[in-house]
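Have a look at the structure below, then the notes.
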Amino acid sequence: MSLNTPEFSASDFAPAPNLVAAERIVRPSLSYWQDAWLRLKKNRRALCSLYIVIALLLFTLLGPVIWRQDPALQDLDAISQGPTLGTRAIVVEDPGNWEGVRGEPAPLPPGGTLGAPTLRVEGIATTQYVRLVWSMVPGAQQYLIYRNDHAPESDQDLGLPLGTTLSPDELSFEDRLQLRPQRYWYTVIASDGVEEAAEHTTIEVSPQRAITVSQARERELDDTVGATVDLPAHPFGTDYLGRDLLARLMEGARVSLFIGIVAPLLFVLVGVIYGGISGYFGGNVDIVMMRVADFVIALPFLLFMILFRISFGIGPGESGIFPMLLALVLLRWPDTARLVRGQVLQLRGEAYVQAARVLGAQPGYLIFRHLLPNTMGPILVTLTFAIPMAIFTEAFLSFIGMGVSPPTPSWGSMSNEGIRTMLSSPHELLFPSIFISVTVLAFNMLGDGLRDALDSRMRSRE
Amino acid sequence: MLSYILKRLGIGVFTIWFIATATFTAMHMVPGDPLSNERGTNEIIRANLERQYGLDKPVFQQYLLYMGNMLKGDFGIAFSEENRSVNDIIREHFPVSATLGLLSLLFATAGGVLWGALAALYRNRLPDAVLMFLVILGISVPSFVFAALSQLLILNLNQWAGRSILPVAGWGDFRSMLVPALVLGMSTMAFMTRLMRSSMLEVANTDYIRTARAKGLSPTRIFFRHQLRNAILPVITVLGPAIAIITTGGFVVESVFAIPGLGRYFVQAVAQLDYTVIMGTTVFFGAFLVLVVIAVDILYGFIDPRIRLGAV
Amino acid sequence: MSSSEYALEVDRLAVSFDTYGGVVQAVRDVSFKLRKGRTLAIVGESGCGKSVTMQSIMGLIPMPPGRITQGSARLNGDELLGISQKALNAIRGNRVGMIFQDPMSSLNPTMTIGRQIAETLVVHRGLSTSAARKEVLELLRLVQIPEAEKRIDQYPFEFSGGMLQRVMIAMAIACKPEVLIADEPTTALDVTIQAQILNLLKDLQERYGLSIILITHDLGVVARMAHDVAVMYAGQVVEAGSVDDIFYRSAHPYTLGLRAAMPSNDPEKRTLRIIPGSPPDLFAPPPGCAFAARCPHAMRLCHEHAPPLYGTGHIARCWLHHPQAPESPVRGNIATLTEPAC
């Protein structure tokens with residue numbers, strides 16, 4: 001580049017100091033909460049969690065209005081059912097009035113061995129009952145009946161022994177043991193009372209879903225034998241007492257979320273008041289109050305939750321929610337108290353608080369007007385993190401049987417019940433634990449987002 | 001340092017006293033009493049039992065008696081099992097819980113430090129994202145779900161292998177400890193991973209790491225000599241709370257896996273309202289945790305020179 | 001001029017950072033030369049890119065987001081930019097020593113200072129631990145730390161700020177570097193300590209012929225230490241020359257402003273002068289002179305055309321040296337081509 005380029009005109013060298021433009025404020029100023037909200041909105045994970053939380057609240061509050069099944073209604077014919085979207089069933093006669101089939105027993109021909117009977121199903125096989133009828137086997141004193149859920153691979157693999165006939169003339173058996181609409185393999189073996197026959201007969205049976213006439217009458221359905229009726233849907237399946245899992249999850253959500261939200265609200269409130277007083281007055285008041293808080297913190301939390309839960313006791317017919325709430329509040333307030341105290345101590349030294357004090361502000365005014373509003377951010381974050389903790393605690397206590405008492409459902413007690421049938425029907429454990437996990441997850445991520453949103457603002461204020 | 005330790009121990013003793021008193025008070029608020037359950041049928045037997053357990057004396061005297069015995073290290077006799085002292089129960093079942101807890105603490109700490117360091121190393125890349133997702137799962141899924149799922153997994157594994165690779169439940173050799181310890185340490189590992197990651201990132205941005213780089217040290221040397229050591233310090237401070245979480249978490253894991261630890265015994269005692277066992281175990285666990293926290297703090301002091309030499 | 005006269009030559013260096021808000025051009029076309037055995041001060045207000053310039057040369061800025069987009073830097077003829085991490089590590093701490101602003105946070109809190117200094121010797125000179133320890137003791141005495149035998153096994157928190165800066169210096173000069181980069185070495189210290197540290201640096205320079213780059217915003221420090229000065233503004237060198245050139249023949253309005261802003265003992269000048277306004281947004285630097293918006297002598301073309309560098313030796317990036325420019329306080333302070341070059 002040539003240095004003395006002469007292509008400029010004299011007007012280019014006219015003075016043009018431009019001092020005003022340099023002092024331009026570009027960004028509009030935002031309040032603390034506006035700024036935090038903007039940051040939170042940018043955080044996709046936190047926003048997503050917020051939606052999940054709202055959805056959970058809707059599920060809890062509006063769910064029972066839409067899903068009108070009684071969570072306490074037991075249906076012993078639909079025990080531990082997997083998720084179904086409504087089933088149809090045929091109406092069959094009540095069991096118990098089948099006389100069975102009898103036949104004259106014949107002696108074993110000399111030199112002969114016990115054979116295998118021919119086996120058939122009387123009527124149609126339904127989930128109410130499967131009626132087996134077989135032919136008489138000469139020499140048989142009794143018959144053994146087995147049921148299996150897969151085709152037997154060997155003589156040892158016949159499945160569940162359902163029973164043994166009592167007399168040699170009984171040639172039938174009615175199976176009413178927890179039948180499901182699936183395939184079964186029934187085996188009948190003749191026995192002379194000492195030894196079993198070497199041969200046996202196995203048939204495959206697929207029972208149809210059915211309800212009895214009296215059940216149909218109870219539910220105000222068509223009660224003519226052979227009619228087809230619609231049974232209620234269980235989109236989340238049923239539990240070990242045949243109760244609708246979705247309805248119970250909604251009911252349980254009310255318990256779990258109630259404890260999860262109300263308990264933190266209460267103990268954070270207690271903590272705020274305690275910490276506020278302690279931090280505001282300082283000195284000996286502060287020392288004594290914080291020592292007390294230290295001792296409460298030193299108590300092993302879950303042990304004392306259990307202890308308090310026992311000592312508050314549960315009367316007959318009570319759900320046990322209140323003792324748990326009280327125990328949580330009694331044990332959990334010191335964390336918030338410490339936090340608020342620290343914040344208040346720090347804020348007390350700030351110039352604007354000093355100024356207000358010099359101007360004659362009363363302690364109450366100072367605490368509620370100046371100190372607490374400025375600690376709201378950290379308090380909110382504490383609250384958000386306290387919620388998953390409380391939900392976890394409820395689940396833990398209910399799981400070890402120290403939570404809400406049956407029949408009140410909570411996600412924790414439902415998981416506890418579900419774990420017993422985990423192998424045969426995993427959905428009973430799966431759904432409540434998914435609800436616990438998702439809720440805890442959502443509140444944790446929301447807390448993370450809130451902390452980031454409020455924190456960065458704090459950092460930029462420094 | 002010595003005066004620090006003595007001071008901590010002094011406060012610790014006071015705290016244990018507070019725990020014992022709180023336990024005593026809580027247990028005396030129980031509606032009804034433990035004798036009303038099964039064995040208090042006969043009036044005379046009842047009176048005898050009350051005398052034997054000191055329940056006929058005024059509350060304050062009971063308290064003094066209880067504290068006196070506690071000072072002698074005597075937690076009394078179990079209600080539900082005759083002729084078995086709480087001390088015997090603790091002596092028999094606590095080593096199981098301690099073994100399980102120690103093993104899971106080992107898993108949690110080693111795993112947390114390792115995964116956290118890895119996540120920090122691969123910050124904002126795929127391994128980090130995967131690890132952080134797992135961390136969130138580890139924090140949000142209750143331990144009983146992990147326990148149940150791992151049992152299912154073991155069942156399937158054994159079925160698939162056609163023999164018992166790992167026992168589904170029970171207690172004995174190392175194989176039976178492995179999965180329960182992992183499950184028990186899961187949430188702690190998740191917490192520690194997260195802590196270690198943020199701690200590593202924080203240290204990576206410090207001036208002294210810049211100095212180390214300006215000195216021409218190799219990245220490996222900086223990582224091990226400067227970054228790791230400083231990043232681990234905060235992880236050590238949470239060891240105390242972690243042990244508390246693992247101890248109480250043991251209740252669930254021991255119950256699900258049928259491990260004869262003190263936690264499972266405690267849960268049973270709670271179900272039977274066994275007065276002395278509950279009190280004894282609570283005070284024992286409480287004292288144990290208080291001492292562990294002090295021990296961790298002292299250990300931390302030895303690792304961080306700033307505290308060891310009394311700068312803080 | 002042969003290159004052997006210079007310990008460090010930086011030529012047309014440009015560094016940018018990729019951020020969410022866009023690309024920040026933190027260093028734009030910066031050149032300077034450090035004479036052997038002399039001190040070059042790089043002066044400018046915070047955020048002008050003086051630290052970034054030196055840290056990017058030493059590979060200390062995080063990349064990404066940092067990016068060196070052009071330029072070269074030669075240490076006694078050896079190129080520093082674009083070489084491998086390993087080659088760079090062999091130079092850092094060995095041929096170039098660095099000390100930083102805050103000695104309290106610049107040392108590893110969990111390692112004794114003895115080991116931290118020894119580390120350099122072990123890594124670069126392959127000394128054994130015991131040999132390194134002996135050397136470290138020497139170094140501690142050299143930087144005038146009393147009771148070196150006791151201090152060597154102490155941790156950073158047991159030292160005062162001034163003592164720690166001495167430790168940092170000991171660490172930086174352990175391998176007898178060709179260049180010492182001191183990034184605001186006295187900013188975090190109180191005034192009396194500042195003087196001691198500066199004296200120490202000066203003393204070491206005289207003793208070992210150290211070439212020093214001193215990054216500072218304090219013209220008092222410059223006057224005391226520097227032989228040559230480069231004034232930076234908004235990522236550019238706006239004026240460079242000998243310390244006398246800068247103080248007595250300022251050729252850029254920004255330098256004039258800096259000088260005016262220096263606190264003075266003169267009772268007549270009690271009010272502290274400031275340069276109004278703030279530096280431009282480096283996301284989108286103005287098309288003309290970066291200082292135009294704050295310049296009391298700005299002309300119309302200053303806002304539209306980037307000024308070239310005028311002068312040789314003592315140089316300035318300002319249109320006021322254009323032959324057609326009106327009279328101004330900087331005019332004639334450098335040798336432009338209209339006058340005979342020296």
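Just remember, in the structure tokens the first chain shown is A, the second B, etc., residues are 1-based per chain, and ligands are 1-based in the order shown.
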Original post:
If you count only C-alpha atoms, which residues fall within 8 Å of C:Ser105, apart from same-chain ones fewer than 4 positions away, as an MDAnalysis selection string?
Top reply: (chainID B and resid 206:208) or (chainID C and resid 109)
Subject >> Interface, chain B side, toward chain A (7 Å; only C-alpha atoms) as number ranges by chain >> reply: B: 15, 19, 26-27, 29-31, 136, 140-142, 145, 148, 248, 252, 282, 286
Hey, can you spit out that residue selection with all heavy atoms as a compact mmCIF listing (two decimals), in the first residue's frame?
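The result, written out as again_36.txt:
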# COMPACT_ATOMS: atom_id res chain seq x y z
N THR B 15 -22.95 -35.00 69.37
CA THR B 15 -23.94 -35.34 68.34
C THR B 15 -24.51 -36.74 68.58
O THR B 15 -25.71 -36.96 68.45
CB THR B 15 -23.30 -35.28 66.95
OG1 THR B 15 -22.59 -34.06 66.83
CG2 THR B 15 -24.34 -35.36 65.87
N ILE B 19 -28.30 -37.89 69.12
CA ILE B 19 -28.97 -38.94 68.35
C ILE B 19 -29.63 -39.95 69.29
O ILE B 19 -30.79 -40.33 69.13
CB ILE B 19 -27.96 -39.65 67.42
CG1 ILE B 19 -27.53 -38.70 66.29
CG2 ILE B 19 -28.56 -40.92 66.83
CD1 ILE B 19 -26.42 -39.25 65.42
N ALA B 26 -38.20 -40.48 70.49
CA ALA B 26 -39.08 -40.92 69.42
C ALA B 26 -39.72 -42.25 69.77
O ALA B 26 -40.92 -42.44 69.59
CB ALA B 26 -38.29 -41.03 68.11
N MET B 27 -38.92 -43.15 70.33
CA MET B 27 -39.45 -44.48 70.62
C MET B 27 -40.46 -44.45 71.76
O MET B 27 -41.33 -45.29 71.85
CB MET B 27 -38.31 -45.45 70.96
CG MET B 27 -37.49 -45.87 69.77
SD MET B 27 -38.47 -46.33 68.33
CE MET B 27 -39.19 -47.85 68.88
N MET B 29 -42.61 -42.18 72.13
CA MET B 29 -43.85 -41.59 71.66
C MET B 29 -44.70 -42.63 70.94
O MET B 29 -45.82 -42.37 70.54
CB MET B 29 -43.54 -40.43 70.70
CG MET B 29 -43.11 -39.15 71.40
SD MET B 29 -42.21 -38.07 70.27
CE MET B 29 -43.43 -37.90 68.98
N VAL B 30 -44.14 -43.83 70.76
CA VAL B 30 -44.87 -44.86 70.03
C VAL B 30 -46.17 -45.17 70.75
O VAL B 30 -46.17 -45.44 71.94
CB VAL B 30 -44.02 -46.14 69.93
CG1 VAL B 30 -44.81 -47.25 69.27
CG2 VAL B 30 -42.75 -45.86 69.17
N PRO B 31 -47.28 -45.10 70.03
CA PRO B 31 -48.55 -45.47 70.66
C PRO B 31 -48.56 -46.96 70.96
O PRO B 31 -48.10 -47.76 70.16
CB PRO B 31 -49.59 -45.11 69.59
CG PRO B 31 -48.83 -45.06 68.31
CD PRO B 31 -47.41 -44.76 68.63
N ILE B 136 -27.81 -39.21 34.77
CA ILE B 136 -29.17 -38.76 35.08
C ILE B 136 -30.05 -39.96 35.40
O ILE B 136 -30.83 -39.95 36.35
CB ILE B 136 -29.74 -37.94 33.92
CG1 ILE B 136 -29.05 -36.58 33.89
CG2 ILE B 136 -31.23 -37.79 34.05
CD1 ILE B 136 -29.56 -35.66 32.84
N SER B 140 -31.94 -40.77 38.93
CA SER B 140 -33.40 -40.71 38.94
C SER B 140 -34.09 -42.05 39.13
O SER B 140 -35.27 -42.08 39.43
CB SER B 140 -33.89 -40.09 37.62
OG SER B 140 -33.31 -38.84 37.43
N VAL B 141 -33.39 -43.14 38.94
CA VAL B 141 -34.04 -44.44 39.08
C VAL B 141 -33.82 -44.95 40.51
O VAL B 141 -32.69 -45.02 40.97
CB VAL B 141 -33.49 -45.43 38.05
CG1 VAL B 141 -34.11 -46.80 38.24
CG2 VAL B 141 -33.75 -44.93 36.65
N PRO B 142 -34.90 -45.27 41.21
CA PRO B 142 -34.74 -45.73 42.59
C PRO B 142 -33.96 -47.04 42.66
O PRO B 142 -34.00 -47.85 41.73
CB PRO B 142 -36.18 -45.94 43.07
CG PRO B 142 -37.06 -45.42 42.02
CD PRO B 142 -36.30 -45.24 40.78
N VAL B 145 -35.56 -50.43 41.94
CA VAL B 145 -35.78 -50.76 40.53
C VAL B 145 -34.50 -51.36 39.94
O VAL B 145 -34.53 -52.39 39.25
CB VAL B 145 -36.21 -49.52 39.73
CG1 VAL B 145 -36.36 -49.86 38.26
CG2 VAL B 145 -37.50 -48.97 40.28
N ALA B 148 -34.23 -54.87 41.25
CA ALA B 148 -35.14 -55.82 40.60
C ALA B 148 -34.65 -56.11 39.18
O ALA B 148 -34.60 -57.26 38.74
CB ALA B 148 -36.55 -55.24 40.57
N THR B 248 -27.92 -46.40 54.37
CA THR B 248 -29.38 -46.54 54.41
C THR B 248 -29.90 -47.20 53.14
O THR B 248 -30.90 -47.90 53.18
CB THR B 248 -30.05 -45.17 54.63
OG1 THR B 248 -29.28 -44.18 53.97
CG2 THR B 248 -30.13 -44.87 56.09
N VAL B 252 -32.71 -51.37 51.46
CA VAL B 252 -33.47 -51.87 50.31
C VAL B 252 -32.72 -53.00 49.63
O VAL B 252 -33.27 -54.08 49.39
CB VAL B 252 -33.72 -50.72 49.31
CG1 VAL B 252 -34.17 -51.28 47.98
CG2 VAL B 252 -34.74 -49.76 49.86
N THR B 282 -30.40 -47.88 65.46
CA THR B 282 -30.39 -46.47 65.08
C THR B 282 -29.20 -45.74 65.69
O THR B 282 -28.46 -45.04 65.00
CB THR B 282 -31.70 -45.78 65.52
OG1 THR B 282 -32.79 -46.52 65.01
CG2 THR B 282 -31.76 -44.37 65.00
N GLY B 286 -26.20 -44.29 63.69
CA GLY B 286 -25.99 -42.85 63.84
C GLY B 286 -24.56 -42.55 64.28
O GLY B 286 -23.86 -41.73 63.68
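Compared by their closest atoms to C:Glu149, and using only C-alpha atoms, the residues C:Pro279, C:Leu127, C:Gln25, C:Gly114 rank with C:Gly114 nearest.
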Wanna dump the chain B-chain C contacts at 10 Å for me, each residue with its shortest atom pair and the distance in Å to one decimal, counting only C-alpha atoms, ordered by chain and number, as a tab-separated table?
residue	atom	partner	partner_atom	distance
B:Val203	CA	C:Asn108	CA	10.0
B:Asn205	CA	C:Pro62	CA	9.8
B:Thr206	CA	C:Ser105	CA	7.3
B:Asp207	CA	C:Ser106	CA	4.5
B:Tyr208	CA	C:Ser106	CA	4.0
B:Ile209	CA	C:Asn108	CA	7.6
B:Arg210	CA	C:Leu60	CA	7.0
B:Thr211	CA	C:Ser106	CA	6.0
B:Ala212	CA	C:Leu107	CA	8.4
B:Arg213	CA	C:Leu60	CA	7.2
B:Ala214	CA	C:Arg92	CA	5.5
B:Lys215	CA	C:Gly93	CA	3.9
B:Gly216	CA	C:Asn89	CA	4.1
B:Leu217	CA	C:Asn89	CA	6.3
B:Ser218	CA	C:Asn89	CA	6.7
B:Pro219	CA	C:Gln85	CA	9.3
B:Arg221	CA	C:Val123	CA	9.8
B:Arg225	CA	C:Met111	CA	9.2
B:His226	CA	C:Asn108	CA	7.0
B:Gln227	CA	C:Asn108	CA	9.1
B:Arg229	CA	C:Thr110	CA	8.0
B:Asn230	CA	C:Thr110	CA	7.0
B:Leu233	CA	C:Thr110	CA	9.8
B:Ile303	CA	C:Thr110	CA	8.4
B:Asp304	CA	C:Thr110	CA	6.4
B:Pro305	CA	C:Thr110	CA	6.2
B:Arg306	CA	C:Phe157	CA	6.9
B:Leu309	CA	C:Glu158	CA	9.0
B:Ala311	CA	C:Phe157	CA	7.4
B:Val312	CA	C:Phe157	CA	9.8
Quick check for you: according to DSSP on this backbone, which residues of stretch 97-246 of chain A are classed as strand (DSSP E or B)? Reply as an mmCIF file with N, CA and C atoms, in the first residue's frame.
data_model
loop_
_atom_site.group_PDB
_atom_site.id
_atom_site.type_symbol
_atom_site.label_atom_id
_atom_site.label_comp_id
_atom_site.auth_asym_id
_atom_site.auth_seq_id
_atom_site.Cartn_x
_atom_site.Cartn_y
_atom_site.Cartn_z
ATOM 1 N N ARG A 102 -68.412 -89.721 35.332
ATOM 2 C CA ARG A 102 -67.941 -90.892 36.070
ATOM 3 C C ARG A 102 -68.058 -92.120 35.180
ATOM 4 N N LEU A 119 -58.120 -87.979 25.832
ATOM 5 C CA LEU A 119 -58.422 -86.769 26.592
ATOM 6 C C LEU A 119 -59.146 -85.771 25.705
ATOM 7 N N ARG A 120 -60.186 -85.103 26.269
ATOM 8 C CA ARG A 120 -60.860 -84.052 25.496
ATOM 9 C C ARG A 120 -61.369 -82.993 26.463
ATOM 10 N N VAL A 121 -61.788 -81.900 25.869
ATOM 11 C CA VAL A 121 -62.333 -80.806 26.686
ATOM 12 C C VAL A 121 -63.839 -80.826 26.532
ATOM 13 N N GLU A 122 -64.521 -80.754 27.661
ATOM 14 C CA GLU A 122 -65.982 -80.710 27.637
ATOM 15 C C GLU A 122 -66.430 -79.260 27.424
ATOM 16 N N THR A 126 -62.655 -71.995 28.700
ATOM 17 C CA THR A 126 -62.671 -70.554 28.965
ATOM 18 C C THR A 126 -61.755 -70.247 30.132
ATOM 19 N N VAL A 130 -61.730 -74.866 32.669
ATOM 20 C CA VAL A 130 -61.461 -75.807 31.591
ATOM 21 C C VAL A 130 -61.897 -77.173 32.121
ATOM 22 N N ARG A 131 -62.830 -77.776 31.421
ATOM 23 C CA ARG A 131 -63.362 -79.064 31.912
ATOM 24 C C ARG A 131 -62.776 -80.197 31.082
ATOM 25 N N LEU A 132 -61.970 -81.028 31.748
ATOM 26 C CA LEU A 132 -61.310 -82.126 31.069
ATOM 27 C C LEU A 132 -62.084 -83.421 31.309
ATOM 28 N N VAL A 133 -62.230 -84.195 30.256
ATOM 29 C CA VAL A 133 -62.893 -85.503 30.373
ATOM 30 C C VAL A 133 -62.008 -86.519 29.672
ATOM 31 N N TRP A 134 -61.837 -87.666 30.280
ATOM 32 C CA TRP A 134 -61.002 -88.668 29.633
ATOM 33 C C TRP A 134 -61.622 -90.058 29.720
ATOM 34 N N GLN A 142 -56.396 -94.020 40.194
ATOM 35 C CA GLN A 142 -56.558 -92.548 40.210
ATOM 36 C C GLN A 142 -55.880 -91.969 38.977
ATOM 37 N N TYR A 143 -56.193 -90.687 38.736
ATOM 38 C CA TYR A 143 -55.591 -90.010 37.584
ATOM 39 C C TYR A 143 -54.920 -88.736 38.072
ATOM 40 N N LEU A 144 -53.738 -88.454 37.513
ATOM 41 C CA LEU A 144 -53.023 -87.232 37.879
ATOM 42 C C LEU A 144 -53.156 -86.232 36.735
ATOM 43 N N ILE A 145 -53.460 -84.976 37.102
ATOM 44 C CA ILE A 145 -53.674 -83.962 36.065
ATOM 45 C C ILE A 145 -52.587 -82.885 36.197
ATOM 46 N N TYR A 146 -51.964 -82.586 35.076
ATOM 47 C CA TYR A 146 -50.906 -81.557 35.037
ATOM 48 C C TYR A 146 -51.276 -80.485 34.031
ATOM 49 N N ARG A 147 -50.746 -79.313 34.262
ATOM 50 C CA ARG A 147 -50.941 -78.230 33.292
ATOM 51 C C ARG A 147 -49.600 -77.547 33.061
ATOM 52 N N ASN A 148 -49.307 -77.256 31.820
ATOM 53 C CA ASN A 148 -48.034 -76.598 31.512
ATOM 54 C C ASN A 148 -48.280 -75.430 30.567
ATOM 55 N N LEU A 160 -47.387 -77.800 36.100
ATOM 56 C CA LEU A 160 -48.017 -77.663 37.412
ATOM 57 C C LEU A 160 -48.915 -78.862 37.710
ATOM 58 N N PRO A 161 -48.694 -79.579 38.813
ATOM 59 C CA PRO A 161 -49.643 -80.647 39.160
ATOM 60 C C PRO A 161 -50.936 -80.017 39.663
ATOM 61 N N LEU A 162 -52.013 -80.212 38.925
ATOM 62 C CA LEU A 162 -53.266 -79.551 39.308
ATOM 63 C C LEU A 162 -54.016 -80.361 40.357
ATOM 64 N N GLY A 163 -53.898 -81.656 40.257
ATOM 65 C CA GLY A 163 -54.625 -82.442 41.236
ATOM 66 C C GLY A 163 -54.629 -83.919 40.890
ATOM 67 N N THR A 164 -55.225 -84.658 41.778
ATOM 68 C CA THR A 164 -55.339 -86.100 41.613
ATOM 69 C C THR A 164 -56.798 -86.468 41.888
ATOM 70 N N GLU A 170 -63.821 -91.439 38.897
ATOM 71 C CA GLU A 170 -63.811 -90.051 38.418
ATOM 72 C C GLU A 170 -63.029 -89.946 37.125
ATOM 73 N N SER A 172 -63.057 -87.014 35.165
ATOM 74 C CA SER A 172 -63.066 -85.621 34.681
ATOM 75 C C SER A 172 -62.420 -84.722 35.733
ATOM 76 N N PHE A 173 -62.072 -83.520 35.288
ATOM 77 C CA PHE A 173 -61.440 -82.552 36.197
ATOM 78 C C PHE A 173 -61.793 -81.155 35.723
ATOM 79 N N GLU A 174 -62.148 -80.307 36.676
ATOM 80 C CA GLU A 174 -62.448 -78.915 36.315
ATOM 81 C C GLU A 174 -61.312 -78.025 36.796
ATOM 82 N N ASP A 175 -60.580 -77.406 35.860
ATOM 83 C CA ASP A 175 -59.456 -76.513 36.226
ATOM 84 C C ASP A 175 -59.973 -75.084 36.307
ATOM 85 N N TYR A 184 -52.392 -73.682 26.815
ATOM 86 C CA TYR A 184 -51.964 -74.565 27.901
ATOM 87 C C TYR A 184 -51.848 -75.986 27.371
ATOM 88 N N TRP A 185 -51.018 -76.769 28.008
ATOM 89 C CA TRP A 185 -50.899 -78.177 27.665
ATOM 90 C C TRP A 185 -51.304 -79.014 28.887
ATOM 91 N N TYR A 186 -52.414 -79.722 28.757
ATOM 92 C CA TYR A 186 -52.905 -80.537 29.865
ATOM 93 C C TYR A 186 -52.463 -81.977 29.665
ATOM 94 N N THR A 187 -52.049 -82.581 30.752
ATOM 95 C CA THR A 187 -51.626 -83.964 30.681
ATOM 96 C C THR A 187 -52.382 -84.772 31.746
ATOM 97 N N VAL A 188 -52.859 -85.902 31.373
ATOM 98 C CA VAL A 188 -53.496 -86.791 32.353
ATOM 99 C C VAL A 188 -52.732 -88.117 32.357
ATOM 100 N N ILE A 189 -52.374 -88.557 33.530
ATOM 101 C CA ILE A 189 -51.658 -89.818 33.673
ATOM 102 C C ILE A 189 -52.476 -90.739 34.579
ATOM 103 N N ALA A 190 -52.623 -91.942 34.158
ATOM 104 C CA ALA A 190 -53.295 -92.917 35.005
ATOM 105 C C ALA A 190 -52.305 -93.471 36.012
ATOM 106 N N SER A 191 -52.815 -93.861 37.172
ATOM 107 C CA SER A 191 -51.939 -94.422 38.206
ATOM 108 C C SER A 191 -52.690 -95.529 38.931
ATOM 109 N N GLU A 196 -47.149 -94.830 38.429
ATOM 110 C CA GLU A 196 -47.831 -94.114 37.358
ATOM 111 C C GLU A 196 -47.634 -94.841 36.049
ATOM 112 N N THR A 201 -51.320 -88.818 28.175
ATOM 113 C CA THR A 201 -51.882 -88.064 27.059
ATOM 114 C C THR A 201 -51.774 -86.577 27.343
ATOM 115 N N THR A 202 -51.381 -85.842 26.349
ATOM 116 C CA THR A 202 -51.297 -84.384 26.497
ATOM 117 C C THR A 202 -52.141 -83.743 25.406
ATOM 118 N N ILE A 203 -52.953 -82.773 25.787
ATOM 119 C CA ILE A 203 -53.640 -82.007 24.742
ATOM 120 C C ILE A 203 -53.367 -80.512 24.936
ATOM 121 N N GLU A 204 -53.479 -79.816 23.831
ATOM 122 C CA GLU A 204 -53.274 -78.378 23.875
ATOM 123 C C GLU A 204 -54.641 -77.696 23.954
ATOM 124 N N VAL A 205 -54.740 -76.737 24.879
ATOM 125 C CA VAL A 205 -56.023 -76.060 25.074
ATOM 126 C C VAL A 205 -55.787 -74.551 25.062
ATOM 127 N N GLN A 208 -60.778 -69.415 26.150
ATOM 128 C CA GLN A 208 -61.259 -68.109 25.715
ATOM 129 C C GLN A 208 -61.569 -67.282 26.953
ATOM 130 N N ALA A 210 -63.561 -65.313 29.460
ATOM 131 C CA ALA A 210 -64.978 -65.448 29.783
ATOM 132 C C ALA A 210 -65.254 -64.892 31.163
ATOM 133 N N ILE A 211 -66.472 -64.461 31.362
ATOM 134 C CA ILE A 211 -66.918 -64.140 32.722
ATOM 135 C C ILE A 211 -68.160 -64.973 33.007
ATOM 136 N N THR A 212 -68.469 -65.121 34.262
ATOM 137 C CA THR A 212 -69.610 -65.970 34.606
ATOM 138 C C THR A 212 -70.891 -65.141 34.587
ATOM 139 N N THR A 228 -71.633 -62.217 24.088
ATOM 140 C CA THR A 228 -70.292 -61.628 24.106
ATOM 141 C C THR A 228 -70.384 -60.227 24.698
ATOM 142 N N VAL A 229 -69.554 -59.950 25.691
ATOM 143 C CA VAL A 229 -69.613 -58.637 26.345
ATOM 144 C C VAL A 229 -68.239 -57.974 26.282
ATOM 145 N N ASP A 230 -68.257 -56.630 26.393
ATOM 146 C CA ASP A 230 -66.992 -55.872 26.429
ATOM 147 C C ASP A 230 -66.542 -55.719 27.868
ATOM 148 N N LEU A 231 -65.302 -56.035 28.124
ATOM 149 C CA LEU A 231 -64.744 -55.833 29.457
ATOM 150 C C LEU A 231 -63.963 -54.517 29.475
ATOM 151 N N HIS A 234 -57.665 -52.053 30.326
ATOM 152 C CA HIS A 234 -56.621 -51.764 31.330
ATOM 153 C C HIS A 234 -55.358 -51.396 30.572
ATOM 154 N N THR A 238 -53.320 -54.749 35.089
ATOM 155 C CA THR A 238 -53.907 -54.780 36.425
ATOM 156 C C THR A 238 -52.874 -55.304 37.412
ATOM 157 N N ASP A 244 -57.252 -51.871 38.431
ATOM 158 C CA ASP A 244 -56.749 -51.198 37.236
ATOM 159 C C ASP A 244 -55.522 -50.372 37.580
#
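Excluding C:Cys302 itself and same-chain residues fewer than 5 positions from it, the residues having an atom within 7 Å of it are Gly288, Cys289, Ala292 and Trp319 of chain C, counting only C-alpha atoms.
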Those residues with C-alpha atoms, as a PDB file, in the first residue's frame please?
ATOM      1  CA  GLY C 288     -12.308   2.772   9.560  1.00  0.00           C
ATOM      2  CA  CYS C 289      -9.985   3.461  12.466  1.00  0.00           C
ATOM      3  CA  ALA C 292     -12.208   7.070  15.571  1.00  0.00           C
ATOM      4  CA  TRP C 319      -4.567   9.300   9.386  1.00  0.00           C
TER       5      TRP C 319
END
